[in-house]
Amino acid sequence: MTSMTDPVLELRGAAFTHPGGSGVAGLDFAIAPGEAVALVGPNGAGKSTLLKGLLGQVPKTAGRVRIAGSEHAANGMIGFLPQTAELDPEFPITLEQVVMQGRYRRLGLFRWPGRADREAVRRAIESVGLAPLAKRRYGELSGGQRQRGLLARALASEPVLLLLDEPFNGLDQPNRDALIDTLRRLKTERVAVLVSTHDLELARQVCDAVLFVNREQLAYGPVDEVLTLDNVQECFEGVEVEVDEHTLVVPGHEGH
Amino acid sequence: MTLGDALFGAFALPFMGRALFVMLVLAIVAGVIGVLVNLRGLEFITDGLTHAVFPGLAIGLALGGTAGLIPGAAVAALAAALVLTWLDRAGITSDAAIAIVLTATFSIGVIVVSRSDDYAGELEALLFGRVLTVPPEQLVPLVGVSLLALLAIGVTMKQQLLRAFDPAGSRAMGDSALGLDLVLNAAVALVVVAASATIGSLLVLALLIVPGAVARLVTVRLWWLFPIAAAFAAVAAWLGLAANYAVSLGAGVDLPAGSTIVAVFVLGYGLVLAIALLAGRLARRRRTERTDRAATTVTTATAGEAA
């Protein structure tokens, strides 16, 4: 039996390694229900590798990973929003039909969507604020709306754990605000969220904890304690970052 | 002979009725699977399968007569589906490599056929089919193979559409890309098998490609694509057979039936394309007229100001 406060996701000394050899190691953290964790690190730090590892797409090469108390996640337990989805805008499919794809994992091969599935799809579309566009063709939506549509698809499976890979990249302010609202509401619904981002401001706004990675776990803890200049410097050492349209190179620690 | 005779009366003849039945089954199955071929952009692999099936037909015919056609084609088609799925996944889709494989299989087929007594007749039958002389005992295997293809696609339909729309998302949700590709390619192969024995291996492609392309022109609604493609294919097959009958009997011109059917498919596509283009142009003109009127209003206003 799992109690209400048992972590949804727990990694102990875990590593995920691509067959090519690159990967991310030393992962040791846990996310409780309703908790949001920001996954922060420079490009190529292994953020996407970690998320894909949790989805079972990159092999686990060390340690232990438990999702909702089990070594293997059940169907539809994890919702995933990919960083970029290059989808054919001419594809004849409506937003509603895209979101329904989120239910397929639960349905399996032999069942077709029923009333409960349509209801879950309606709720998911509503929760990302796109209800008036449900019947619109997906290719006709704006970039930000498509991104929210894919989030709705991830939510339609009613996941206990939501993984988001750089969801704020290229979003305009209204879409960004809508996404933040959605994430806050998901937390009240006790969904655990792991969101990779460059955006430290976002980490402050919606996340409870921060996980710094660069090929390995560098720091993990509550936002107030861990989101420090020292940790940012260590993680992004020598990396170019963009702040308000200015590019700056993060200097290393003195004495390094 | 009246129009009614060609469209309806002709199919009272046993061989015409049998041809119509076989063509309707094929048209509906190929139409449905053709929509997926279109959405996935798999026209190339489909073309490859139609060529690769040819030696299977030839060897089947050499070993077992017409009863060997379907088993021979099935073995060749499933082997080709495996090879082409693998080539596609390995990223080997260079035209040269494929062309070598395809011409090689084709030449093997021709060599096998050339050993038979009636070389020209057999070759023509394999390439262009014998829809009017489908032996009654082939009906069951033909329908069986077609329904098996339809079943394979029906069971995996949701996942096939997800993979067509969003391959990365499909993998992230735990679907096997290889598994789905094998099922789809095998289903295409089965249709190719069934159709090769009737309208011939060169003309199968039209049956798989044209109805899906027509449906894409007609609608942007996902679930309408399948009935529209199947209905177009069924009507075109029926009209093709009727036209063939009318021309052969009425005008005394002996046209090959398979080719007439394919010609009607392509004519139908041309007609739908013309209507779609015309409708698109009309919609555009209406839009421009509205903008033009708006522009004229603006110009007049500016001219008024200038005056």
# chains A, B, ... in the order shown; residues from 1 in each chain; ligands from 1

$ interface_residues --of "chain A" --to "chain B" --cutoff "7 Å" --atoms "only C-alpha atoms" --output "PyMOL selection string"
chain A and resi 55+87+91-93+101+105+109-110

$ write_last_selection --atoms "C-alpha atoms" --output "short mmCIF file (atom, residue, chain, number, x, y, z; two decimals), in the first residue's frame"
data_model
loop_
_atom_site.label_atom_id
_atom_site.label_comp_id
_atom_site.auth_asym_id
_atom_site.auth_seq_id
_atom_site.Cartn_x
_atom_site.Cartn_y
_atom_site.Cartn_z
CA LEU A 55 9.74 7.19 -19.92
CA LEU A 87 3.94 17.83 -36.64
CA PHE A 91 -2.57 16.51 -41.06
CA PRO A 92 -6.37 16.17 -41.01
CA ILE A 93 -6.94 16.03 -37.25
CA GLN A 101 -4.50 10.25 -28.28
CA ARG A 105 -2.33 4.06 -23.71
CA LEU A 109 -5.40 -2.06 -28.87
CA PHE A 110 -8.87 -3.46 -28.57
#

$ select_by_dssp --residues "range 79-195 of chain A" --states "strand (DSSP E or B)" --output "ChimeraX atom specification"
/A:79-81,94,137,161-165,192-195

$ residues_around --residues "range 256-265 of chain B" --least-positions-apart "3" --cutoff "6 Å" --atoms "only C-alpha atoms" --output "JSON, numbers by chain"
{"B": [199, 236, 237, 240, 244, 268]}

$ write_last_selection --atoms "C-alpha atoms" --output "PDB file, in the first residue's frame"
ATOM      1  CA  ILE B 199      -5.781  -6.771 -61.576  1.00  0.00           C
ATOM      2  CA  ALA B 236     -14.674   3.532 -59.514  1.00  0.00           C
ATOM      3  CA  ALA B 237     -14.203  -0.251 -59.616  1.00  0.00           C
ATOM      4  CA  GLY B 240     -14.565   0.567 -64.547  1.00  0.00           C
ATOM      5  CA  ASN B 244     -15.090  -2.288 -69.910  1.00  0.00           C
ATOM      6  CA  GLY B 268     -11.989  10.026 -61.037  1.00  0.00           C
TER       7      GLY B 268
END

$ closest_residue --among "B:Pro135, B:Gly252, B:Gly212, B:Gly129" --to "Ala195 in chain B" --atoms "only C-alpha atoms"
B:Gly129

$ residues_around --residues "Leu150 in chain A" --least-positions-apart "6" --cutoff "9 Å" --atoms "only C-alpha atoms" --output "mmCIF file with C-alpha atoms, in the first residue's frame"
data_model
loop_
_atom_site.group_PDB
_atom_site.id
_atom_site.type_symbol
_atom_site.label_atom_id
_atom_site.label_comp_id
_atom_site.auth_asym_id
_atom_site.auth_seq_id
_atom_site.Cartn_x
_atom_site.Cartn_y
_atom_site.Cartn_z
ATOM 1 C CA PHE A 80 4.908 13.752 -21.200
ATOM 2 C CA LEU A 81 5.165 17.029 -23.091
ATOM 3 C CA PRO A 82 8.081 16.869 -25.554
ATOM 4 C CA ALA A 85 7.027 18.193 -31.794
ATOM 5 C CA LEU A 95 -7.472 19.424 -31.375
ATOM 6 C CA VAL A 98 -5.078 14.981 -30.734
ATOM 7 C CA VAL A 99 -5.989 15.164 -27.049
ATOM 8 C CA GLY A 102 -3.533 10.739 -24.639
#

$ closest_residue --among "B:Ile33, B:Tyr245, B:Arg130, B:Val145" --to "Ala73 in chain B" --atoms "only C-alpha atoms"
B:Val145

$ closest_residue --among "A:Gly44, A:Gly63, A:Gly34, A:Pro174" --to "Gly13 in chain A" --atoms "only C-alpha atoms"
A:Gly63

$ residues_around --residues "Leu49 in chain B" --least-positions-apart "6" --cutoff "7 Å" --atoms "only C-alpha atoms" --output "tab-separated table (two decimals) with C-alpha atoms, in the first residue's frame"
chain	number	residue	atom	x	y	z
B	77	ALA	CA	5.11	-9.96	-50.15
B	80	ALA	CA	9.49	-7.92	-48.97
B	81	ALA	CA	7.53	-6.18	-46.20
B	189	ALA	CA	1.55	-6.59	-48.70

$ residues_around --residues "Ala230 in chain B" --least-positions-apart "4" --cutoff "6 Å" --atoms "only C-alpha atoms" --output "ChimeraX atom specification"
/B:28,31-32

$ write_last_selection --atoms "N, CA and C atoms" --output "short mmCIF file (atom, residue, chain, number, x, y, z; two decimals), in the first residue's frame"
data_model
loop_
_atom_site.label_atom_id
_atom_site.label_comp_id
_atom_site.auth_asym_id
_atom_site.auth_seq_id
_atom_site.Cartn_x
_atom_site.Cartn_y
_atom_site.Cartn_z
N ILE B 28 -12.58 -1.68 -51.22
CA ILE B 28 -12.87 -1.17 -49.87
C ILE B 28 -11.65 -1.35 -48.97
N GLY B 31 -8.86 0.90 -50.16
CA GLY B 31 -9.19 2.29 -49.87
C GLY B 31 -8.86 2.66 -48.44
N VAL B 32 -9.29 1.80 -47.51
CA VAL B 32 -9.05 2.07 -46.08
C VAL B 32 -7.55 2.08 -45.78
#

$ residues_around --residues "Val192 in chain B" --least-positions-apart "2" --cutoff "9 Å" --atoms "only C-alpha atoms" --output "JSON, numbers by chain"
{"B": [30, 46, 49, 50, 53, 73, 74, 77, 187, 188, 189, 190, 194, 195, 196, 197, 201, 204, 205, 208]}

$ write_last_selection --atoms "C-alpha atoms" --output "PDB file, in the first residue's frame"
ATOM      1  CA  ALA B  30      -7.330  -0.972 -50.357  1.00  0.00           C
ATOM      2  CA  THR B  46       3.973   0.361 -51.413  1.00  0.00           C
ATOM      3  CA  LEU B  49       5.962  -4.191 -52.499  1.00  0.00           C
ATOM      4  CA  THR B  50       4.042  -4.305 -55.767  1.00  0.00           C
ATOM      5  CA  VAL B  53       5.482  -9.563 -55.274  1.00  0.00           C
ATOM      6  CA  ALA B  73       2.668 -13.875 -53.706  1.00  0.00           C
ATOM      7  CA  ALA B  74       1.999 -13.988 -49.956  1.00  0.00           C
ATOM      8  CA  ALA B  77       5.107  -9.960 -50.148  1.00  0.00           C
ATOM      9  CA  ALA B 187      -1.303  -5.297 -44.441  1.00  0.00           C
ATOM     10  CA  VAL B 188      -0.240  -3.430 -47.576  1.00  0.00           C
ATOM     11  CA  ALA B 189       1.551  -6.588 -48.704  1.00  0.00           C
ATOM     12  CA  LEU B 190      -1.603  -8.665 -48.212  1.00  0.00           C
ATOM     13  CA  ALA B 194      -4.957 -10.165 -53.299  1.00  0.00           C
ATOM     14  CA  ALA B 195      -4.943  -7.483 -55.970  1.00  0.00           C
ATOM     15  CA  SER B 196      -2.003  -8.917 -57.943  1.00  0.00           C
ATOM     16  CA  ALA B 197      -3.916 -12.080 -58.633  1.00  0.00           C
ATOM     17  CA  SER B 201       1.010  -6.496 -60.045  1.00  0.00           C
ATOM     18  CA  VAL B 204      -2.232  -2.623 -57.734  1.00  0.00           C
ATOM     19  CA  LEU B 205      -0.540   0.639 -56.897  1.00  0.00           C
ATOM     20  CA  LEU B 208      -3.776   1.685 -52.885  1.00  0.00           C
TER      21      LEU B 208
END

$ closest_residue --among "B:Ala120, B:Leu184, B:Val210, B:Leu217" --to "Ile45 in chain B" --atoms "only C-alpha atoms"
B:Leu184

$ closest_residue --among "A:Met77, A:Phe212, A:Gln83, A:Arg146" --to "Phe29 in chain A" --atoms "only C-alpha atoms"
A:Phe212

$ atom_distance --atom1 "CA of Leu155 in chain A" --atom2 "CA of Ala152 in chain B"
29.2 Å

$ select_by_dssp --residues "range 59-186 of chain A" --states "helix (DSSP H, G or I)" --output "PyMOL selection string"
chain A and resi 95-107+115-127+131-133+138-140+143-156+173-186

$ write_last_selection --atoms "C-alpha atoms" --output "compact mmCIF listing (two decimals), in the first residue's frame"
# COMPACT_ATOMS: atom_id res chain seq x y z
CA LEU A 95 -7.47 19.42 -31.37
CA GLU A 96 -9.98 17.14 -29.68
CA GLN A 97 -8.68 14.13 -31.64
CA VAL A 98 -5.08 14.98 -30.73
CA VAL A 99 -5.99 15.16 -27.05
CA MET A 100 -7.83 11.83 -27.31
CA GLN A 101 -4.50 10.25 -28.28
CA GLY A 102 -3.53 10.74 -24.64
CA ARG A 103 -6.14 8.09 -23.75
CA TYR A 104 -4.83 5.45 -26.19
CA ARG A 105 -2.33 4.06 -23.71
CA ARG A 106 -5.14 3.32 -21.27
CA LEU A 107 -7.40 1.95 -23.99
CA ARG A 115 -17.88 8.29 -22.44
CA ALA A 116 -15.24 8.40 -19.66
CA ASP A 117 -12.53 9.05 -22.27
CA ARG A 118 -14.49 11.83 -23.96
CA GLU A 119 -15.10 13.37 -20.55
CA ALA A 120 -11.37 13.22 -19.67
CA VAL A 121 -10.54 14.84 -23.03
CA ARG A 122 -13.08 17.62 -22.44
CA ARG A 123 -11.64 18.31 -18.97
CA ALA A 124 -8.05 18.28 -20.26
CA ILE A 125 -8.86 20.78 -23.04
CA GLU A 126 -10.72 22.96 -20.58
CA SER A 127 -7.83 22.89 -18.11
CA ALA A 131 -12.32 24.68 -24.87
CA PRO A 132 -13.64 26.99 -27.65
CA LEU A 133 -11.08 25.54 -30.11
CA TYR A 138 -4.83 21.25 -35.01
CA GLY A 139 -2.75 22.75 -37.84
CA GLU A 140 -4.81 25.96 -37.72
CA GLY A 143 2.29 27.69 -31.94
CA GLY A 144 1.45 28.42 -28.32
CA GLN A 145 -2.01 26.89 -28.66
CA ARG A 146 -0.52 23.73 -30.20
CA GLN A 147 1.86 23.47 -27.26
CA ARG A 148 -1.08 23.79 -24.85
CA GLY A 149 -2.94 21.22 -26.94
CA LEU A 150 -0.08 18.75 -26.47
CA LEU A 151 -0.12 19.50 -22.75
CA ALA A 152 -3.83 18.68 -22.76
CA ARG A 153 -2.97 15.39 -24.48
CA ALA A 154 -0.47 14.62 -21.70
CA LEU A 155 -3.14 15.46 -19.10
CA ALA A 156 -5.87 13.41 -20.78
CA GLN A 173 3.13 35.99 -22.60
CA PRO A 174 -0.56 34.93 -22.72
CA ASN A 175 0.35 31.31 -23.47
CA ARG A 176 3.04 31.39 -20.80
CA ASP A 177 0.58 32.68 -18.21
CA ALA A 178 -1.96 30.04 -19.22
CA LEU A 179 0.65 27.32 -18.81
CA ILE A 180 1.67 28.59 -15.37
CA ASP A 181 -2.00 28.63 -14.30
CA THR A 182 -2.42 25.05 -15.51
CA LEU A 183 0.67 23.86 -13.63
CA ARG A 184 -0.52 25.52 -10.41
CA ARG A 185 -3.91 23.84 -10.70
CA LEU A 186 -2.31 20.46 -11.38

$ closest_residue --among "A:Gly129, A:Lys47, A:Thr188, A:Leu54" --to "Val206 in chain A" --atoms "only C-alpha atoms"
A:Thr188
